[in-house]
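Engineer: What follows is input_8.cif, made up of mmCIF, C-alpha atoms:
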data_my_file
#
loop_
_atom_site.label_atom_id
_atom_site.label_comp_id
_atom_site.auth_asym_id
_atom_site.auth_seq_id
_atom_site.Cartn_x
_atom_site.Cartn_y
_atom_site.Cartn_z
CA MET A 1 76.05 -149.37 -92.24
CA LYS A 2 77.56 -148.97 -88.78
CA ARG A 3 80.67 -146.83 -88.49
CA PHE A 4 82.72 -146.59 -85.34
CA ASP A 5 85.32 -144.03 -84.34
CA VAL A 6 88.88 -145.07 -83.56
CA GLY A 7 89.05 -145.94 -79.87
CA ALA A 8 85.40 -147.04 -79.63
CA ARG A 9 84.76 -150.21 -77.62
CA VAL A 10 82.86 -152.88 -79.56
CA VAL A 11 81.75 -156.46 -79.10
CA ASP A 12 81.68 -159.22 -81.74
CA PRO A 13 79.83 -162.55 -81.28
CA THR A 14 82.95 -164.57 -82.19
CA TYR A 15 85.87 -162.56 -80.76
CA GLY A 16 84.26 -160.73 -77.84
CA LEU A 17 85.30 -157.29 -76.65
CA GLY A 18 87.74 -155.05 -78.47
CA SER A 19 88.72 -151.52 -79.41
CA VAL A 20 88.55 -150.02 -82.90
CA VAL A 21 92.10 -149.21 -84.03
CA ALA A 22 91.48 -148.15 -87.65
CA VAL A 23 88.60 -147.19 -89.90
CA GLU A 24 89.29 -147.43 -93.62
CA ASP A 25 87.01 -146.95 -96.64
CA ALA A 26 85.30 -150.34 -96.44
CA TYR A 27 87.06 -151.98 -93.50
CA THR A 28 87.23 -151.67 -89.73
CA ARG A 29 90.19 -153.03 -87.74
CA VAL A 30 89.59 -154.07 -84.15
CA GLN A 31 92.15 -154.95 -81.45
CA PHE A 32 90.35 -157.65 -79.45
CA ASP A 33 91.19 -158.17 -75.79
CA GLU A 34 91.83 -161.89 -76.24
CA HIS A 35 92.36 -162.42 -80.00
CA GLY A 36 94.58 -159.64 -81.36
CA VAL A 37 93.78 -157.46 -84.37
CA LYS A 38 91.09 -158.55 -86.83
CA LYS A 39 89.99 -156.80 -90.03
CA PHE A 40 86.28 -156.70 -90.88
CA LEU A 41 84.39 -155.69 -94.01
CA THR A 42 82.38 -152.95 -92.33
CA ALA A 43 79.14 -153.63 -94.24
CA MET A 44 79.20 -157.33 -93.28
CA SER A 45 80.43 -157.09 -89.68
CA HIS A 46 78.36 -157.95 -86.62
CA LEU A 47 80.07 -155.40 -84.39
CA GLU A 48 77.96 -153.75 -81.71
CA PRO A 49 78.89 -150.84 -79.43
CA SER A 50 79.95 -151.72 -75.89
CA ASP A 51 80.26 -149.75 -72.65
CA GLU A 52 82.81 -152.19 -71.18
CA PRO A 53 86.13 -150.45 -70.38
CA VAL A 54 89.50 -151.69 -71.59
CA PRO A 55 90.90 -154.22 -69.08
CA ALA A 56 93.62 -152.69 -66.89
CA GLY A 57 96.31 -155.08 -68.18
CA LEU A 58 95.69 -154.14 -71.82
CA ARG A 59 95.61 -150.33 -71.60
CA GLY A 60 98.09 -148.89 -74.08
CA LYS A 61 99.19 -152.34 -75.20
CA VAL A 62 98.94 -153.21 -78.89
CA ARG A 63 99.45 -156.76 -80.01
CA LYS A 64 101.19 -157.03 -83.34
CA LYS A 65 101.16 -159.87 -85.81
CA ARG A 66 104.29 -161.97 -85.83
CA ALA A 67 106.64 -161.46 -88.73
CA PRO A 68 106.56 -164.37 -91.17
CA LYS A 69 109.41 -166.82 -90.84
CA LYS A 70 112.11 -166.44 -93.42
CA ALA A 71 112.48 -169.39 -95.75
CA ALA A 72 115.79 -171.23 -95.52
CA ALA A 73 118.10 -170.57 -98.43
CA VAL A 74 118.21 -173.48 -100.84
CA PRO A 75 121.68 -174.10 -102.33
CA VAL A 76 121.77 -173.90 -106.09
CA GLU A 77 123.67 -176.69 -107.82
CA GLU A 78 125.80 -175.67 -110.79
#
Please express what this file holds, its structure, as structure tokens.
Structural biologist:
Amino acid sequence: MKRFDVGARVVDPTYGLGSVVAVEDAYTRVQFDEHGVKKFLTAMSHLEPSDEPVPAGLRGKVRKKRAPKKAAAVPVEE
């Protein structure tokens, strides 16, 4: 099973280049340059190490997921 350190640059066949942002017991989270953060089951991932540097425009930038929209309140009839 491949394990990467936080900050390691990796490449995935679907999402391309990214940086490891978290390593958990069975999961690896990667911040991809073009696709945001994705969570992978480490044992099943196809991540490979990469020597490509972080693009200049993305250094220090973390994309966060959008907060879910709040549902509109439904009036209750009495």
Engineer: For a cutoff of 7 Å around the file-coordinate point (84.1, -147.2, -75.6), which residues qualify once you count all atoms listed in the file? I'd like the result as a ChimeraX atom specification.
Structural biologist: /A:7-9,50-53
Engineer: As an exercise, work out the distance from atom CA of A:Tyr15 to atom CA of A:Gly36 in Å and give it to one decimal place.
Structural biologist: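 Computed distance, atom CA of A:Tyr15 to atom CA of A:Gly36, equals 9.2 Å.
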Engineer: Assuming the chain letters and numbering stay as they are in my file, what does the PyMOL selection byres ((chain A and resi 32) around 10) actually select? List them as an mmCIF file with C-alpha atoms, in the coordinates of the input.
Structural biologist:
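Result file part-v4.cif:
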data_model
loop_
_atom_site.group_PDB
_atom_site.id
_atom_site.type_symbol
_atom_site.label_atom_id
_atom_site.label_comp_id
_atom_site.auth_asym_id
_atom_site.auth_seq_id
_atom_site.Cartn_x
_atom_site.Cartn_y
_atom_site.Cartn_z
ATOM 1 C CA ARG A 9 84.760 -150.210 -77.620
ATOM 2 C CA VAL A 10 82.860 -152.880 -79.560
ATOM 3 C CA VAL A 11 81.750 -156.460 -79.100
ATOM 4 C CA ASP A 12 81.680 -159.220 -81.740
ATOM 5 C CA TYR A 15 85.870 -162.560 -80.760
ATOM 6 C CA GLY A 16 84.260 -160.730 -77.840
ATOM 7 C CA LEU A 17 85.300 -157.290 -76.650
ATOM 8 C CA GLY A 18 87.740 -155.050 -78.470
ATOM 9 C CA SER A 19 88.720 -151.520 -79.410
ATOM 10 C CA VAL A 20 88.550 -150.020 -82.900
ATOM 11 C CA VAL A 21 92.100 -149.210 -84.030
ATOM 12 C CA ARG A 29 90.190 -153.030 -87.740
ATOM 13 C CA VAL A 30 89.590 -154.070 -84.150
ATOM 14 C CA GLN A 31 92.150 -154.950 -81.450
ATOM 15 C CA ASP A 33 91.190 -158.170 -75.790
ATOM 16 C CA GLU A 34 91.830 -161.890 -76.240
ATOM 17 C CA HIS A 35 92.360 -162.420 -80.000
ATOM 18 C CA GLY A 36 94.580 -159.640 -81.360
ATOM 19 C CA VAL A 37 93.780 -157.460 -84.370
ATOM 20 C CA LYS A 38 91.090 -158.550 -86.830
ATOM 21 C CA VAL A 54 89.500 -151.690 -71.590
ATOM 22 C CA LEU A 58 95.690 -154.140 -71.820
ATOM 23 C CA VAL A 62 98.940 -153.210 -78.890
ATOM 24 C CA ARG A 63 99.450 -156.760 -80.010
#
Engineer: With all atoms listed in the file as the counted atoms, please give the residues lying no more than 10 Å from A:His46, apart from itself and same-chain residues fewer than 2 positions off, as a VMD selection string.
Structural biologist: chain A and resid 2 10 to 14 40 to 44 48
Engineer: Just to confirm, what's the straight-line distance from atom CA of A:Val23 to atom CA of A:Lys39 in Å (one decimal)?
Structural biologist: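 These atoms are spaced 9.7 Å apart.
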